[in-house]
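Next comes upload37.cif, with mmCIF, C-alpha atoms.
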data_start
loop_
_atom_site.label_atom_id
_atom_site.label_comp_id
_atom_site.auth_asym_id
_atom_site.auth_seq_id
_atom_site.Cartn_x
_atom_site.Cartn_y
_atom_site.Cartn_z
CA MET O 1 42.79 -62.05 -50.59
CA ILE O 2 46.59 -61.58 -50.74
CA ASP O 3 46.21 -58.39 -52.80
CA PHE O 4 43.65 -57.08 -50.32
CA LEU O 5 46.04 -57.78 -47.43
CA ILE O 6 48.95 -56.06 -49.22
CA LYS O 7 46.86 -52.96 -49.89
CA LYS O 8 45.79 -52.80 -46.25
CA LEU O 9 49.39 -53.12 -45.05
CA GLU O 10 50.53 -50.41 -47.46
CA LEU O 11 47.80 -48.11 -46.15
CA PHE O 12 48.83 -48.94 -42.56
CA PHE O 13 52.50 -48.03 -43.07
CA ILE O 14 51.67 -44.84 -45.01
CA THR O 15 49.27 -43.70 -42.30
CA LEU O 16 51.78 -44.63 -39.59
CA PHE O 17 54.47 -42.59 -41.36
CA ILE O 18 52.17 -39.57 -41.55
CA LEU O 19 51.30 -39.99 -37.86
CA THR O 20 54.99 -40.03 -36.87
CA LEU O 21 55.59 -36.87 -38.95
CA ILE O 22 52.75 -35.06 -37.16
CA LEU O 23 54.02 -36.17 -33.74
CA PHE O 24 57.60 -35.20 -34.66
CA TRP O 25 56.40 -31.73 -35.63
CA ALA O 26 54.74 -31.46 -32.21
CA HIS O 27 57.98 -32.74 -30.64
CA ILE O 28 59.91 -29.96 -32.38
CA ARG O 29 57.43 -27.38 -31.16
CA LEU O 30 57.84 -28.61 -27.58
CA GLY O 31 61.62 -29.04 -27.74
CA ASP O 32 64.64 -27.34 -29.27
CA VAL O 33 65.74 -28.92 -32.55
CA GLU O 34 68.06 -27.21 -35.02
CA ILE O 35 66.88 -26.96 -38.62
CA ASN O 36 69.95 -28.70 -40.07
CA LYS O 37 69.41 -31.70 -37.78
CA ILE O 38 65.75 -32.37 -38.54
CA VAL O 39 66.30 -35.53 -40.62
CA PRO O 40 68.69 -37.24 -38.14
CA GLU O 41 66.46 -36.21 -35.26
CA TYR O 42 63.40 -37.64 -37.02
CA ILE O 43 65.18 -40.96 -37.66
CA HIS O 44 66.19 -41.07 -33.98
CA TYR O 45 62.66 -40.13 -32.89
CA ALA O 46 61.00 -42.76 -35.13
CA GLY O 47 63.48 -45.38 -33.93
CA ASN O 48 62.56 -44.65 -30.32
CA LEU O 49 58.87 -45.04 -31.15
CA VAL O 50 59.44 -48.39 -32.87
CA THR O 51 61.52 -49.71 -29.95
CA LEU O 52 58.93 -48.38 -27.44
CA ASN O 53 61.48 -45.99 -25.93
CA PHE O 54 59.10 -43.12 -25.15
CA GLY O 55 61.34 -41.34 -22.66
CA ASN O 56 60.37 -40.14 -19.19
CA SER O 57 57.36 -38.21 -18.00
CA THR O 58 58.15 -34.55 -17.40
CA GLU O 59 55.80 -34.52 -14.40
CA SER O 60 56.65 -37.70 -12.48
CA GLY O 61 60.08 -38.50 -13.96
CA MET O 62 59.10 -42.16 -14.42
CA PRO O 63 59.63 -43.97 -17.74
CA ILE O 64 56.44 -43.59 -19.78
CA ILE O 65 56.40 -47.26 -20.71
CA GLU O 66 56.22 -48.14 -16.99
CA GLU O 67 53.32 -45.75 -16.41
CA MET O 68 51.64 -47.21 -19.48
CA LYS O 69 51.78 -50.68 -17.89
CA LEU O 70 49.82 -49.27 -14.95
CA PHE O 71 47.14 -47.31 -16.84
CA PHE O 72 46.45 -49.38 -19.97
CA PRO O 73 45.28 -52.70 -18.35
CA PRO O 74 42.27 -51.11 -16.53
CA THR O 75 41.16 -49.51 -19.80
CA ILE O 76 41.55 -52.76 -21.74
CA GLU O 77 39.57 -54.61 -19.04
CA LEU O 78 36.74 -52.09 -19.14
CA LEU O 79 36.67 -52.04 -22.96
CA LEU O 80 36.66 -55.83 -23.40
CA LEU O 81 34.05 -56.42 -20.72
CA SER O 82 31.84 -53.66 -22.12
CA LEU O 83 32.22 -55.02 -25.66
CA ALA O 84 31.37 -58.57 -24.53
CA VAL O 85 28.31 -57.47 -22.52
CA SER O 86 26.96 -55.14 -25.22
CA PHE O 87 27.63 -57.74 -27.95
CA CYS O 88 25.80 -60.58 -26.17
CA VAL O 89 22.89 -58.53 -24.82
CA GLY O 90 22.48 -56.43 -27.98
CA ILE O 91 22.44 -59.40 -30.34
CA PHE O 92 20.03 -61.29 -28.08
CA LEU O 93 17.61 -58.34 -27.95
CA GLY O 94 17.93 -57.72 -31.70
CA ILE O 95 17.17 -61.32 -32.63
CA VAL O 96 14.25 -61.51 -30.18
CA GLY O 97 12.81 -58.25 -31.49
CA GLY O 98 13.32 -59.21 -35.14
CA LEU O 99 11.69 -62.62 -34.76
CA ASN O 100 8.73 -61.03 -32.95
CA HIS O 101 8.25 -58.15 -35.38
CA HIS O 102 5.28 -55.80 -34.64
CA SER O 103 4.78 -57.37 -31.20
CA VAL O 104 5.07 -55.75 -27.77
CA VAL O 105 8.52 -57.30 -27.36
CA ASP O 106 9.66 -55.76 -30.64
CA LYS O 107 8.36 -52.35 -29.60
CA PHE O 108 10.28 -52.64 -26.33
CA VAL O 109 13.49 -53.52 -28.21
CA TYR O 110 12.93 -50.69 -30.70
CA GLY O 111 12.36 -48.25 -27.84
CA PHE O 112 15.53 -49.44 -26.12
CA CYS O 113 17.47 -48.92 -29.36
CA LEU O 114 16.22 -45.35 -29.69
CA LEU O 115 16.77 -44.50 -26.03
CA GLY O 116 20.16 -46.16 -25.74
CA SER O 117 21.50 -44.51 -28.89
CA SER O 118 20.20 -41.07 -27.87
CA VAL O 119 21.46 -40.84 -24.28
CA PRO O 120 25.04 -39.48 -24.05
CA VAL O 121 27.36 -41.49 -21.85
CA TYR O 122 28.48 -38.53 -19.73
CA TRP O 123 24.82 -37.86 -18.80
CA SER O 124 23.81 -41.47 -18.10
CA ALA O 125 26.97 -42.02 -16.00
CA GLN O 126 26.16 -39.06 -13.76
CA ILE O 127 22.51 -40.15 -13.47
CA PHE O 128 23.67 -43.61 -12.35
CA ILE O 129 25.95 -42.02 -9.75
CA LEU O 130 23.09 -39.84 -8.50
CA LEU O 131 20.66 -42.75 -8.21
CA PHE O 132 22.78 -45.71 -7.13
CA CYS O 133 25.65 -44.03 -5.28
CA ILE O 134 24.09 -41.01 -3.56
CA TYR O 135 20.38 -41.86 -3.09
CA ILE O 136 20.33 -45.67 -2.85
CA LYS O 137 24.01 -46.00 -1.80
CA ILE O 138 24.66 -49.52 -3.05
CA PHE O 139 27.64 -48.80 -5.35
CA PRO O 140 30.86 -46.83 -4.80
CA THR O 141 31.47 -43.69 -6.85
CA THR O 142 35.17 -43.86 -7.72
CA GLY O 143 38.02 -46.26 -8.44
CA ASN O 144 38.11 -49.90 -9.48
CA ILE O 145 38.62 -51.40 -6.01
CA SER O 146 38.59 -50.24 -2.40
CA MET O 147 41.87 -48.92 -1.02
CA LEU O 148 41.47 -51.26 1.96
CA TYR O 149 42.47 -54.25 -0.18
CA ASP O 150 45.92 -55.00 -1.51
CA VAL O 151 45.75 -57.21 -4.60
CA PRO O 152 49.07 -58.73 -5.79
CA ARG O 153 49.84 -58.06 -9.47
CA TYR O 154 50.04 -61.43 -11.22
CA SER O 155 48.92 -60.45 -14.73
CA GLY O 156 48.48 -56.68 -14.41
CA PHE O 157 44.72 -57.01 -15.02
CA LEU O 158 42.74 -56.44 -11.84
CA VAL O 159 39.82 -58.73 -12.73
CA ILE O 160 42.14 -61.66 -13.39
CA ASP O 161 44.31 -60.96 -10.34
CA VAL O 162 41.32 -60.72 -8.00
CA PHE O 163 39.88 -64.03 -9.19
CA ILE O 164 43.32 -65.64 -8.90
CA GLN O 165 43.51 -64.50 -5.29
CA GLY O 166 40.07 -66.06 -4.69
CA ASN O 167 38.93 -63.81 -1.83
CA ASN O 168 35.14 -63.52 -2.11
CA GLU O 169 35.03 -60.24 -0.21
CA ILE O 170 37.49 -58.61 -2.62
CA ILE O 171 35.65 -60.07 -5.63
CA ILE O 172 32.35 -58.55 -4.46
CA ASP O 173 34.03 -55.19 -3.84
CA MET O 174 35.60 -55.23 -7.31
CA LEU O 175 32.27 -56.11 -8.96
CA LYS O 176 30.56 -53.25 -7.13
CA HIS O 177 33.17 -50.81 -8.43
CA LEU O 178 32.88 -52.29 -11.93
CA ALA O 179 29.09 -52.33 -12.22
CA LEU O 180 28.24 -48.68 -12.93
CA PRO O 181 31.17 -47.91 -15.30
CA LEU O 182 30.40 -51.11 -17.20
CA ILE O 183 26.67 -50.37 -17.51
CA SER O 184 27.29 -46.74 -18.49
CA LEU O 185 29.81 -47.72 -21.15
CA SER O 186 27.78 -50.67 -22.51
CA LEU O 187 24.50 -48.79 -23.01
CA VAL O 188 25.22 -47.12 -26.37
CA PRO O 189 27.05 -50.07 -28.09
CA CYS O 190 24.38 -52.45 -26.79
CA ALA O 191 21.67 -50.34 -28.43
CA THR O 192 23.76 -50.18 -31.63
CA PHE O 193 24.20 -53.97 -31.76
CA ALA O 194 20.48 -54.45 -31.05
CA ARG O 195 19.48 -52.02 -33.83
CA ILE O 196 21.76 -53.65 -36.43
CA THR O 197 20.69 -57.17 -35.41
CA ARG O 198 16.99 -56.32 -35.34
CA ARG O 199 17.06 -54.79 -38.82
CA SER O 200 19.07 -57.70 -40.26
CA THR O 201 16.79 -60.25 -38.58
CA ILE O 202 13.63 -58.61 -39.98
CA ASN O 203 15.12 -58.67 -43.50
CA LEU O 204 16.24 -62.26 -43.03
CA THR O 205 12.83 -63.52 -41.95
CA GLN O 206 11.48 -62.67 -45.40
CA ASN O 207 13.66 -65.39 -46.97
CA TYR O 208 12.20 -68.77 -47.85
CA PHE O 209 14.61 -70.85 -45.74
CA ILE O 210 13.37 -69.08 -42.57
CA LYS O 211 9.74 -69.66 -43.58
CA ALA O 212 10.59 -73.30 -44.33
CA ALA O 213 12.11 -73.63 -40.85
CA TYR O 214 8.83 -72.37 -39.34
CA CYS O 215 6.91 -74.87 -41.47
CA ARG O 216 9.12 -77.72 -40.21
CA GLY O 217 8.06 -76.81 -36.69
CA GLU O 218 11.38 -75.43 -35.47
CA SER O 219 11.16 -73.19 -32.43
CA ARG O 220 12.10 -69.53 -32.55
CA PHE O 221 15.12 -70.27 -30.35
CA ASP O 222 16.45 -72.85 -32.85
CA ILE O 223 15.77 -70.52 -35.77
CA GLY O 224 17.53 -67.66 -34.02
CA VAL O 225 20.61 -69.72 -33.11
CA HIS O 226 20.99 -71.96 -36.16
CA HIS O 227 19.72 -69.74 -38.99
CA VAL O 228 19.59 -66.07 -38.01
CA LEU O 229 22.76 -65.62 -35.94
CA ARG O 230 25.08 -67.13 -38.53
CA ASN O 231 23.67 -65.02 -41.37
CA ILE O 232 23.70 -61.65 -39.58
CA LEU O 233 27.36 -61.89 -38.50
CA PRO O 234 28.70 -60.14 -41.67
CA ASP O 235 26.52 -57.09 -40.96
CA ILE O 236 27.77 -56.97 -37.37
CA VAL O 237 31.46 -57.46 -38.21
CA GLN O 238 31.35 -54.64 -40.77
CA LYS O 239 30.27 -52.20 -38.02
CA LEU O 240 32.64 -53.43 -35.32
CA ASN O 241 35.45 -50.98 -36.06
CA ILE O 242 33.12 -47.97 -35.74
CA ILE O 243 31.53 -49.36 -32.58
CA ILE O 244 34.89 -50.05 -30.92
CA CYS O 245 36.29 -46.61 -31.81
CA ASN O 246 33.17 -44.94 -30.38
CA LEU O 247 33.43 -47.23 -27.37
CA TYR O 248 36.93 -46.05 -26.57
CA SER O 249 36.04 -42.37 -26.93
CA SER O 250 33.19 -42.97 -24.48
CA CYS O 251 35.55 -44.92 -22.21
CA ILE O 252 37.67 -41.80 -21.70
CA LEU O 253 34.62 -39.92 -20.39
CA VAL O 254 33.54 -42.82 -18.17
CA GLU O 255 37.02 -43.13 -16.66
CA VAL O 256 37.11 -39.42 -15.82
CA ILE O 257 33.60 -39.45 -14.29
CA PHE O 258 34.17 -42.58 -12.19
CA ASP O 259 37.85 -41.81 -11.48
CA TRP O 260 38.72 -45.13 -13.10
CA PRO O 261 42.55 -45.52 -13.14
CA GLY O 262 42.88 -45.98 -16.91
CA THR O 263 44.26 -44.14 -19.91
CA GLY O 264 41.38 -41.65 -19.97
CA LEU O 265 42.27 -40.40 -16.50
CA TRP O 266 45.98 -40.56 -17.39
CA ILE O 267 45.54 -38.45 -20.53
CA THR O 268 43.37 -35.92 -18.69
CA GLN O 269 45.94 -35.53 -15.91
CA SER O 270 48.72 -35.18 -18.51
CA ILE O 271 46.84 -32.39 -20.29
CA ASN O 272 46.26 -30.59 -16.99
CA ASN O 273 49.98 -30.96 -16.14
CA SER O 274 51.10 -30.00 -19.70
CA ASP O 275 53.04 -33.27 -19.94
CA GLY O 276 53.72 -33.30 -23.69
CA ARG O 277 55.68 -36.57 -23.66
CA ILE O 278 52.71 -38.56 -22.40
CA ILE O 279 50.33 -36.86 -24.86
CA GLU O 280 52.67 -37.74 -27.75
CA THR O 281 52.99 -41.33 -26.56
CA THR O 282 49.28 -41.94 -26.06
CA THR O 283 48.51 -40.38 -29.45
CA PHE O 284 51.00 -42.71 -31.16
CA VAL O 285 49.96 -45.86 -29.28
CA LEU O 286 46.23 -45.29 -29.66
CA GLY O 287 46.56 -44.25 -33.32
CA THR O 288 48.62 -47.36 -34.11
CA SER O 289 46.18 -49.56 -32.18
CA PHE O 290 43.20 -48.22 -34.12
CA LEU O 291 45.01 -48.72 -37.44
CA LEU O 292 45.81 -52.35 -36.58
CA LEU O 293 42.27 -52.87 -35.29
CA ASN O 294 40.70 -51.54 -38.50
CA ILE O 295 42.95 -53.73 -40.67
CA THR O 296 42.19 -56.82 -38.58
CA LEU O 297 38.43 -56.20 -38.66
CA ASP O 298 38.47 -55.51 -42.41
CA ILE O 299 40.24 -58.84 -43.01
CA LEU O 300 37.84 -60.61 -40.61
CA SER O 301 34.86 -59.02 -42.34
CA THR O 302 36.11 -60.16 -45.75
CA LEU O 303 36.63 -63.72 -44.50
CA VAL O 304 33.18 -63.86 -42.88
CA ILE O 305 31.44 -62.48 -45.99
CA ASN O 306 33.28 -64.87 -48.32
CA ARG O 307 32.48 -67.82 -46.03
CA THR O 308 28.80 -66.83 -45.95
CA ARG O 309 28.70 -66.58 -49.74
CA LEU O 310 30.32 -69.98 -50.14
CA THR O 311 27.90 -71.51 -47.63
CA HIS O 312 24.83 -70.17 -49.39
CA GLY O 313 26.27 -70.56 -52.86
#
Can the structure in the file be given as structure tokens, please?
Amino acid sequence: MIDFLIKKLELFFITLFILTLILFWAHIRLGDVEINKIVPEYIHYAGNLVTLNFGNSTESGMPIIEEMKLFFPPTIELLLLSLAVSFCVGIFLGIVGGLNHHSVVDKFVYGFCLLGSSVPVYWSAQIFILLFCIYIKIFPTTGNISMLYDVPRYSGFLVIDVFIQGNNEIIIDMLKHLALPLISLSLVPCATFARITRRSTINLTQNYFIKAAYCRGESRFDIGVHHVLRNILPDIVQKLNIIICNLYSSCILVEVIFDWPGTGLWITQSINNSDGRIIETTTFVLGTSFLLLNITLDILSTLVINRTRLTHG
């Protein structure tokens, strides 16, 4: 396990070094750096990245780290909520479909997996806006809260701050703004979780300990919770890094479509304004975040698999 961790950390620092070289090359292209000062400039540039000194935005003049504090929390909220909803709903549907293989319920789950994985998020988001915002008119189209309400910033995360304030009217307004972006973003990962869980559950039901549980008279709910869920976790954890990376790429599209004040909208505005500093910063922060995420999930996957082997060994 220690050797595995050391190899992962070595890979992380090598990839991070290559990423800083690529961004420094872009920094040279955007700025004016003399050839004989490339090495000192790179050391200064890398030092600023490590100390989170990203400079000021060329468009607004504000420090980039301050703008980042405004735009990153809404994205993190949307990502975590979408991951939690898709994880819970997808695993539930997958287990129900797998335990009722060849039934009507299983066909419904299989159809949902096909449909959810096939529909692009930018299309489903616009369909939801057309149906629920323009025709039925029960949800707002843009933003994460109405401009009529002023929510004090306690934690920086709107969901937490609204619930801390405790105003039911503001909570309902926030949930209405959150509903369509959350559903649009959760559709594809939910179908992915359901497909992985369904396939693993069907394979698992062929084992003798599942058949023995049926013979002992255990209900399908007990079998799903106590026997199936624990044994399909390694398959799910191994796919988490891919699902989360795809989730964030979809989150950028959802934020632009719903005008959600997150990093997707921030990056899009920076590209339109040719703000190279912000593009460099977001590339570095997101690249580093994905590297750390992949390392963490690889370690978690190894621990879960080893624990499962020891349990069944």
Interatomic distance (Å, one decimal) between CA of Asn144 (chain O) and CA of Lys239 (chain O): 29.7 Å
One number please: CA of Gly224 (chain O) to CA of Asn207 (chain O), in Å, one decimal. 13.7 Å
Pick from O:Ser82, O:Asn48, O:Thr288, O:Ser57 nearest to Ile183 (chain O), counting all atoms listed in the file: O:Ser82
Pick from O:Phe54, O:Phe87, O:Tyr248, O:Phe12 nearest to His27 (chain O), counting all atoms listed in the file: O:Phe54
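The interatomic distance for the pair CA of Asn294 (chain O) and CA of Phe92 (chain O) works out to 25.1 Å.
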Put a box with edges along x, y and z around all the listed atoms of region 239-242 of chain O, pad it by 4 Å on each side, then give me its centre and sizes in Å, one decimal, as AutoDock Vina command-line options.
--center_x 32.9 --center_y -50.7 --center_z -36.7 --size_x 13.2 --size_y 13.5 --size_z 10.7
Excluding Glu77 (chain O) and its own-chain neighbours fewer than 4 positions away, which residues fall within 8 Å of it when counting only C-alpha atoms? Please give them as a ChimeraX atom specification. /O:73,81,157,159
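For the residues O:Ile223, O:Ile299, O:Leu185, O:Leu229, ranking by smallest atom-to-atom distance to Leu5 (chain O) using all atoms listed in the file places O:Ile299 first.
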Env of Leu70 (chain O): 9 Å cut, atoms = all atoms listed in the file, seq-sep filter 5 positions within chain, self excluded. Answer as a list in words. Ile65, Gly156, Pro261 and Gly262 of chain O
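The shortest atom-to-atom distance to Thr142 (chain O), with all atoms listed in the file taken into account, belongs to O:Phe258 out of O:Phe221, O:Tyr110, O:Phe17, O:Phe258.
Evaluated on this file, the PyMOL selection byres ((chain O and resi 114-131) around 8) matches O:Tyr110, O:Gly111, O:Phe112, O:Cys113, O:Phe132, O:Cys133, O:Ile134, O:Tyr135, O:Ile136, O:Lys137, O:Thr141, O:Leu180, O:Pro181, O:Ser184, O:Leu185, O:Leu187, O:Val188, O:Pro189, O:Cys190, O:Ala191, O:Thr192, O:Ser250, O:Leu253, O:Val254, O:Ile257.
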When you count only C-alpha atoms, which of these residues is closest to Leu19 (chain O): O:Gln238, O:Ser186, O:Ile76, O:Leu49? O:Leu49
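Here the question is which of O:Leu52, O:Ala194, O:Ile202, O:Leu233 gets nearest to His102 (chain O) using only C-alpha atoms, and that residue is O:Ile202.
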Got a minute to add all heavy atoms to region 60-71 of chain O and dump it as a tab-separated table (two decimals), keeping the file's coordinate frame?
chain	number	residue	atom	x	y	z
O	60	SER	N	56.27	-36.76	-13.53
O	60	SER	CA	56.65	-37.70	-12.48
O	60	SER	C	58.10	-38.15	-12.58
O	60	SER	O	58.66	-38.64	-11.59
O	60	SER	CB	55.74	-38.94	-12.54
O	60	SER	OG	55.92	-39.64	-13.76
O	61	GLY	N	58.72	-38.04	-13.77
O	61	GLY	CA	60.08	-38.50	-13.96
O	61	GLY	C	60.20	-39.98	-14.22
O	61	GLY	O	61.29	-40.48	-14.50
O	62	MET	N	59.09	-40.72	-14.17
O	62	MET	CA	59.10	-42.16	-14.42
O	62	MET	C	59.16	-42.43	-15.93
O	62	MET	O	58.69	-41.61	-16.72
O	62	MET	CB	57.85	-42.82	-13.84
O	62	MET	CG	57.80	-42.90	-12.33
O	62	MET	SD	56.27	-43.71	-11.79
O	62	MET	CE	56.39	-45.31	-12.63
O	63	PRO	N	59.71	-43.58	-16.33
O	63	PRO	CA	59.63	-43.97	-17.74
O	63	PRO	C	58.17	-44.12	-18.17
O	63	PRO	O	57.35	-44.72	-17.45
O	63	PRO	CB	60.36	-45.32	-17.79
O	63	PRO	CG	61.26	-45.30	-16.60
O	63	PRO	CD	60.54	-44.51	-15.55
O	64	ILE	N	57.84	-43.58	-19.34
O	64	ILE	CA	56.44	-43.59	-19.78
O	64	ILE	C	55.95	-45.01	-20.01
O	64	ILE	O	54.78	-45.31	-19.75
O	64	ILE	CB	56.30	-42.74	-21.05
O	64	ILE	CG1	56.61	-41.28	-20.73
O	64	ILE	CG2	54.91	-42.86	-21.64
O	64	ILE	CD1	56.54	-40.35	-21.91
O	65	ILE	N	56.82	-45.89	-20.45
O	65	ILE	CA	56.40	-47.26	-20.71
O	65	ILE	C	55.99	-47.95	-19.41
O	65	ILE	O	55.07	-48.79	-19.40
O	65	ILE	CB	57.55	-48.05	-21.40
O	65	ILE	CG1	57.06	-49.41	-21.89
O	65	ILE	CG2	58.75	-48.18	-20.50
O	65	ILE	CD1	56.05	-49.35	-22.96
O	66	GLU	N	56.61	-47.57	-18.28
O	66	GLU	CA	56.22	-48.14	-16.99
O	66	GLU	C	54.87	-47.60	-16.53
O	66	GLU	O	54.05	-48.34	-15.98
O	66	GLU	CB	57.30	-47.85	-15.94
O	66	GLU	CG	58.65	-48.48	-16.23
O	66	GLU	CD	58.57	-49.99	-16.28
O	66	GLU	OE1	57.77	-50.57	-15.51
O	66	GLU	OE2	59.30	-50.60	-17.08
O	67	GLU	N	54.63	-46.31	-16.75
O	67	GLU	CA	53.32	-45.75	-16.41
O	67	GLU	C	52.24	-46.35	-17.30
O	67	GLU	O	51.11	-46.57	-16.86
O	67	GLU	CB	53.35	-44.22	-16.57
O	67	GLU	CG	54.16	-43.50	-15.52
O	67	GLU	CD	53.88	-42.01	-15.51
O	67	GLU	OE1	52.93	-41.58	-16.20
O	67	GLU	OE2	54.61	-41.28	-14.83
O	68	MET	N	52.60	-46.62	-18.55
O	68	MET	CA	51.64	-47.21	-19.48
O	68	MET	C	51.20	-48.60	-19.00
O	68	MET	O	50.03	-48.98	-19.15
O	68	MET	CB	52.27	-47.30	-20.87
O	68	MET	CG	51.30	-47.62	-21.99
O	68	MET	SD	52.13	-47.70	-23.58
O	68	MET	CE	52.79	-46.05	-23.68
O	69	LYS	N	52.12	-49.35	-18.41
O	69	LYS	CA	51.78	-50.68	-17.89
O	69	LYS	C	50.79	-50.60	-16.74
O	69	LYS	O	50.08	-51.57	-16.45
O	69	LYS	CB	53.04	-51.40	-17.45
O	69	LYS	CG	53.99	-51.77	-18.59
O	69	LYS	CD	55.25	-52.43	-18.06
O	69	LYS	CE	56.22	-52.74	-19.19
O	69	LYS	NZ	57.49	-53.35	-18.68
O	70	LEU	N	50.75	-49.45	-16.06
O	70	LEU	CA	49.82	-49.27	-14.95
O	70	LEU	C	48.44	-48.81	-15.42
O	70	LEU	O	47.42	-49.22	-14.85
O	70	LEU	CB	50.38	-48.25	-13.95
O	70	LEU	CG	51.69	-48.62	-13.25
O	70	LEU	CD1	52.15	-47.45	-12.38
O	70	LEU	CD2	51.52	-49.86	-12.40
O	71	PHE	N	48.40	-47.95	-16.46
O	71	PHE	CA	47.14	-47.31	-16.84
O	71	PHE	C	46.42	-48.01	-17.99
O	71	PHE	O	45.20	-47.86	-18.11
O	71	PHE	CB	47.39	-45.84	-17.22
O	71	PHE	CG	47.72	-44.96	-16.06
O	71	PHE	CD1	49.02	-44.56	-15.80
O	71	PHE	CD2	46.72	-44.53	-15.21
O	71	PHE	CE1	49.32	-43.75	-14.72
O	71	PHE	CE2	47.01	-43.71	-14.12
O	71	PHE	CZ	48.31	-43.33	-13.88
